[in-house]
Structure formats: structure tokens, C-alpha cells
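Okay, so here's the structure we're looking at.
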Amino acid sequence: MNSSWKNTRDALKNFASVLICNKCGNKPINAMRYTNCGHFFCSHCILNHSECVKCNTPVQPLEISNDHLVKHLVSSCDIIAELIQEKNLWNTTTTNLNNLTQISTQVSTTTEARTKVTNVNYRIPKKNIDKPNDKGETKLHSACLKNQEEHVKGLLRLGANPNTKDNAGWTPLQEVVCYGYINICKLLLECGALPNTPGLENRRALHEAALNNRLQEAEMLLKYGARKDVFDDSGKKPIDYCKAHSEMWNILSDKNEYHNTSEEAVLLNSTLHQSFSMTQSFDTIVIFASNLRTHNRKYLEQMISKHKIKTVSVFRSCVTHIIVEASQNVTRLTYDVMMALLCGCWILNTAWIQYDMDIVDILKGDLEVLELFEIFKTTGSSKEGIPKKARENAQNQNPRLFNKCHFYFAMEPKNNYHINDMVLTKDALSKLVQTGGGTVLKREPKPEDIKNKEQFINFHIANEPTHPLYKCTHYIIYVSDRDGPHIKYNMPHIKTLPIAWLIECIEQFTLVDPSKLGLLR
């Protein structure tokens with residue numbers, strides 16, 4: 001053995017141990033991943049399984065996909081092993097025995113859990129499992145509020161969405177953290193509950209843990225990737241809601257970094273795997289084609305016919321994918337593209353149409369492939385990845401761009417306004433603001449009337465306290481090349497800005513600092 005490769009051999013073996021099948025403990029053959037929990041296995045190891053053998057998370061057929069990333073990493077490991085003549089890279093006999101013991105225990109536990117669920121007389125609907133009641137609460141919300149752990153397990157096993165929100169914006173995770181139901185908290189996180197989803201007043205689950213001094217829940221949330229540096233509508237982080245030097249303060253303090261045990265690291269890795277999952281399943285796909293050329297529209301009609309998916313002729317809130325003409329994944333900014341950014345749709349180039357003609361199930365997309373067709377940026381933007389940023393904002397259920405902002409348009413309703421090769425009306429601009437979660441005012445606001453109203457911090461600049469729009473709640477939008485409003489305001493809570501600023505905000509998907517555009521200096 002060439003001793004000069006000792007460190008490389010050790011590092012490669014350590015890395016390979018992370019890539020082994022989570023059931024048999026061997027080199028994964030045709031790796032498949034459960035997108036709900038992030039664990040991966042050999043394809044033959046998970047035949048006819050209804051839940052993950054690693055963590056008992058319920059699994060639906062659409063949540064099983066090819067793991068191209070693991071396959072690629074395994075192949076790379078084999079190449080390196082051949083170069084350094086490491087013949088025992090995947091020799092994990094000890095690990096295999098440990099895994100088999102764990103699996104045996106998990107199967108026994110799973111069988112016992114199923115028996116318990118069967119013996120409880122909870123009514124679990126087979127259809128419309130996420131149908132909300134008048135309060136916007138699903139069956140999962142109700143079971144969590146009542147601390148019905150076995151009922152929660154049954155609902156999750158049947159595919160209940162752990163990230164639904166009620167009418168007040170609360171998720172099941174936030175509910176159980178608030179009430180201190182630690183077992184259900186862990187169960188929800190294991191089944192894909194997002195720890196950083198904002199709820200009422202843009203507070204996250206970690207805010208609720210701090211407010212209610214839920215120490216165990218706070219530690220659990222941190223294991224699953226909850227962020228400490230998030231702000232609510234008041235501009236407060238979770239640590240701002242607890243007493244200085246208290247036990248909760250110590251948990252949330254940046255000076256006291258959270259350390260994971262080996263078991264906890266596994267849980268965190270599962271969540272990370274889920275976050276970087278290479279697949280995305282769609283309950284439904286609704287396509288909107290924006291100004292496609294004749295031949296591309298023809299291809300789209302063939303693809304729609306093959307997969308029997310829905311398409312609309314006018315952009316609506318139900319649209320999931322918008323198809324545009326592009327050059328090297330760069331497209332021009334249009335009204336349709338702005339609407340898609342504000343809604344968080346997939347914005348794809350026309351090459352995606354031809355790709356989908358060759359796949360079997362369009363509802364189960366490979367993210368690694370799908371992102372190859374995603375628009376990279378618009379022609380007028382210097383920043384890249386904005387469409388992906390907007391899409392992920394929607395997928396994470398974050399507030400929309402203009403959430404809780406108020407806009408008054410100081411312009412004539414019947415006039416056409418030319419902005420960046422676009423012709424927009426006051427009504428079109430109003431729809432953009434409303435799609436972005438903002439409120440359109442019919443009367444021009446007065447500073448003295450809104451100064452004493454409850455202030456809030458916009459979600460998208462909450463971590464920038466020096467931003468000039470940090471506490472701004474009202475905007476008067478005018479046309480720069482025509483007569484604007486009689487008075488132009490530049491106060492912390494109200495600003496008067498041109499249409500160009502509003503368009504720039506949408507194109508960059510943030511509230512742009514007006515000074516960067518030469519405004520309000």
C-alpha cells in the first residue's frame with residue numbers, strides 16, 4: 001500500500017460512508033431518494049415501502065425519485081479509488097450490521113406505531129386531506145392543537161401537508177411549538193415541516209419558542225436548521241423576546257453556537273438533504289405561454305396533449321409554469337414576467353417543452369434538470385438568479401414582495417405609460433402591486449394620518465436596519481416625465497417615488513434603495 005495516499009484514503013472512506021444506502025449499508029445501486037425526508041437507498045431496497053425505513057416518515061409514490069447527485073458522487077468516488085488503488089472503499093461490514101440492527105428495531109417500532117394508530121378511533125379522510133375549515137385549519141392543524149400524536153402520525157402517513165397555513169398564517173409547527181408539544185414538534189420536522197416559514201406578524205417557529213420559553217422546542221428547531229437571524233414585522237429576532245442571560249438567551253446567542261451530537265447531526269443532514277433535494281413533485285401543473293413563436297406554440301400544444309395538463313390563455317394566480325422566449329436563459333422583462341416573479345412561478349425557456357415530450361411523468365420534475373431551463377435573469381437586470389429567488393420565496397411560503405405596503409398611483413387611469421419597452425396602465429400597475437401582496441389606495445395618503453399607526457418592517461429588507469425604506473409603509477408612485485404629485489415626501493414612513501423604482505423592485509425582487517437609482521438623496 002502506498003502510504004503517501006493515507007490521508008486521501010481516510011478522507012475518501014469517510015466520504016463514502018456518507019453515501020451508503022440507508023437500508024443495506026452498501027454502495028447504493030441506482031440510488032433513489034425520498035424527497036419528504038431526504039434519505040436515499042438502493043432502488044431494490046425500497047420496493048413496496050410506504051414509509052422510510054430510516055426515520056419512519058410516511059412516503060407517497062410521487063415522493064420517490066432518482067438521486068442523480070448521489071449517483072454522480074458514487075461514480076466520482078469509484079474513479080478516485082481506482083486512481084489511488086483503494087480496493088476496499090465500500091467494505092462496510094460493520095456498518096451493515098449496525099444498520100440491520102437499526103432497521104430491525106425501526107420495523108418493530110413502526111409495526112407497533114401502526115397498531116396504535118389503528119386502535120384509535122380518529123377519522124382520517126382519504127380525500128381532501130388538507131381541506132381547511134372556516135378558520136383555515138386542516139385536520140393536521142386540529143390534531144396538533146389537541147396534542148393527538150397518533151392522529152398526527154396517521155395524517156402524515158397519508159400525505160397531509162405539514163406546511164399549510166390557517167387564516168391567521170399559523171402552521172402546525174408554530175402551533176405545537178407555542179403549546180410545548182415536543183413529540184409532535186419532532187414528528188412534524190421529520191416529515192418535512194419548514195422551520196423558517198413566517199406566520200402571524202412574520203414570526204417564525206423560533207420566535208414562538210422564545211416568546212413562550214420553550215427550551216426543548218428551540219433546541220429541536222435549531223437541529224433542523226431554524227435560523228436565529230430572522231426578523232418579524234417589529235424588526236425583532238427570536239433572541240429579542242427572551243431575557244438577557246437566561247437559558248433561552250444562551251441557546252439563541254450567537255456566542256454560544258449550537259453543537260450537534262452524532263445523532264443530531266444525522267437529523268440535520270436529513271433536513272439539509274431535503275432542502276437540496278433534486279426533485280420537486282407537483283400536485284398539478286398550469287402552464288401559461290407568453291408571446292411564443294408559432295413553432296414553439298405548436299410544440300407546446302403537442303406536449304400539453306401528451307401529458308393532459310392544464311393551460312391558460314391569460315396569466316392567473318393558478319399558473320405554476322410560464323414559458324417564454326429566451327436567449328441563453330435570459331429573457332426580456334415583460335408584464336407577464338413581472339407577474340410570474342411576484343407569484344413565484346417557474347419561468348422557463350422554450351427548450352423545456354421539447355424535454356417534456358420525452359419524459360413519462362411531468363408532475364415529478366428533476367430539479368437539477370428543471371433548473372437548466374429556468375430563466376437566469378432579465379435583459380435589463382445586472383443581477384443573476386432573481387427568478388429562482390422569487391420562486392423559492394413562494395415555495396418557502398414567505399411573504400410576497402409588497403406585503404403590507406400601501407401604494408397610491410398619482411396618474412391618470414386611462415393613460416398609457418411607456419416604461420422599458422413596455423406599455424402599462426394605472427390598472428396594470430395596480431394589479432402588479434396587488435399580486436405582490438400590496439394594497440392600492442384610492443386617496444393620496446397624508447403623513448400625519450399614518451405616522452402614529454402601527455409600524456412594521458417589510459420582510460424582504462428586515463435584516464437591513466440602515467435601509468432607507470426600513471420603516472416605510474406608504475408609497476406615492478408618479479410618472480417622472482409628467483406632472484407628479486403636488487408634494488413629494490421623503491419621510492421614514494412615506495416616500496414619493498417614480499414608476500421606474502417600482503419596476504426595478506420587481507425586476508430585482510426586493511425593495512430597492514432609491515439612492516442607488518439617484519433618487520431621494
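We label chains A, B, ... in the order they appear in the C-alpha cells, count residues from 1 in each chain, and number ligands from 1 in the order shown.
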If you take only C-alpha atoms and a cut-off of 12 Å, which residues of region 338-409 of chain A touch region 188-196 of chain A, and what are their nearest atom pairs and distances in Å to one decimal, in chain and number order, as JSON lines?
```
{"residue": "A:Asn393", "atom": "CA", "partner": "A:Asn196", "partner_atom": "CA", "distance": 11.4}
{"residue": "A:Gln395", "atom": "CA", "partner": "A:Leu194", "partner_atom": "CA", "distance": 10.3}
{"residue": "A:Asn396", "atom": "CA", "partner": "A:Leu194", "partner_atom": "CA", "distance": 7.5}
{"residue": "A:Gln397", "atom": "CA", "partner": "A:Leu194", "partner_atom": "CA", "distance": 9.3}
{"residue": "A:Asn398", "atom": "CA", "partner": "A:Asn196", "partner_atom": "CA", "distance": 8.9}
```
* Can you tell me, as a ChimeraX atom specification, what residues are no more than 6 Å from region 312-322 of chain A when counting only C-alpha atoms, ignoring any on the same chain fewer than 4 positions away? -> /A:285-289,345-347
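Atom to atom, CA of Phe456 (chain A) and CA of Ser234 (chain A) stand 5.4 Å apart.
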* To do: Would you mind reading off the distance between CA of Ile353 (chain A) and CA of Leu300 (chain A), one decimal, in Å?
  =>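 Distance between the two atoms: 5.9 Å.
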* Hey, what does DSSP flag as strand (DSSP E or B) within region 179-378 of chain A? Can you give it to me as a list in words? ->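 Those residues are Thr279, Gln280, Ser281, Val286, Ile287, Phe288, Ala289, Ser290, Lys310, Thr311, Val312, His321, Ile322, Ile323, Val324, Ser327, Val330, Thr331, Trp346, Ile347, Leu348, Asn349, Lys364, Gly365, Asp366, Glu374, Lys377 and Thr378 of chain A.
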* **Contacts of Leu342 (chain A) within 9 Å, only C-alpha atoms, excl. fewer than 5 positions in-chain, as a list in words** => Val337, Ala390, Arg391, Ala394, Arg400, Leu401, Phe402, Leu432, Val433, Thr435, Gly436, Gly437, Ile506 and Phe509 of chain A
For C-alpha atoms, I'd like the residues from the last selection saved as a PDB file, in the first residue's frame.
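Wrote selection.pdb, looks like this:
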```
ATOM      1  CA  VAL A 337     -42.653  38.039 -16.481  1.00  0.00           C
ATOM      2  CA  ALA A 390     -38.651  34.684  -6.344  1.00  0.00           C
ATOM      3  CA  ARG A 391     -39.685  31.045  -6.864  1.00  0.00           C
ATOM      4  CA  ALA A 394     -43.040  31.368  -2.766  1.00  0.00           C
ATOM      5  CA  ARG A 400     -44.768  38.436  -1.104  1.00  0.00           C
ATOM      6  CA  LEU A 401     -42.623  41.361  -2.187  1.00  0.00           C
ATOM      7  CA  PHE A 402     -45.026  44.185  -1.304  1.00  0.00           C
ATOM      8  CA  LEU A 432     -48.816  44.170 -10.084  1.00  0.00           C
ATOM      9  CA  VAL A 433     -48.849  45.688  -6.612  1.00  0.00           C
ATOM     10  CA  THR A 435     -50.229  40.413  -6.911  1.00  0.00           C
ATOM     11  CA  GLY A 436     -47.159  41.288  -4.848  1.00  0.00           C
ATOM     12  CA  GLY A 437     -49.276  41.423  -1.688  1.00  0.00           C
ATOM     13  CA  ILE A 506     -40.000  43.772  -9.213  1.00  0.00           C
ATOM     14  CA  PHE A 509     -37.330  41.126  -6.342  1.00  0.00           C
TER      15      PHE A 509
END
```
Spatial neighbours of region 140-142 of chain A, max dist 6 Å, only C-alpha atoms, sep filter under 3 positions, as a PDB file with N, CA and C atoms, in the first residue's frame:
```pdb
ATOM      1  N   GLU A 137     -58.018  25.981   9.137  1.00  0.00           N
ATOM      2  CA  GLU A 137     -57.270  24.893   9.774  1.00  0.00           C
ATOM      3  C   GLU A 137     -57.563  23.567   9.078  1.00  0.00           C
ATOM      4  N   LEU A 145     -53.227  20.904  17.574  1.00  0.00           N
ATOM      5  CA  LEU A 145     -53.739  21.753  18.651  1.00  0.00           C
ATOM      6  C   LEU A 145     -54.244  20.921  19.833  1.00  0.00           C
ATOM      7  N   PRO A 172     -48.879  24.235  11.437  1.00  0.00           N
ATOM      8  CA  PRO A 172     -48.946  23.260  12.537  1.00  0.00           C
ATOM      9  C   PRO A 172     -47.701  23.295  13.422  1.00  0.00           C
TER      10      PRO A 172
END
```
* Name the residues in contact with Tyr241 (chain A) at a cut-off of 9 Å, using only C-alpha atoms, excluding same-chain residues fewer than 2 positions from it; report them as an MDAnalysis selection string. => chainID A and resid 207:208 210:212 236:239 243 249
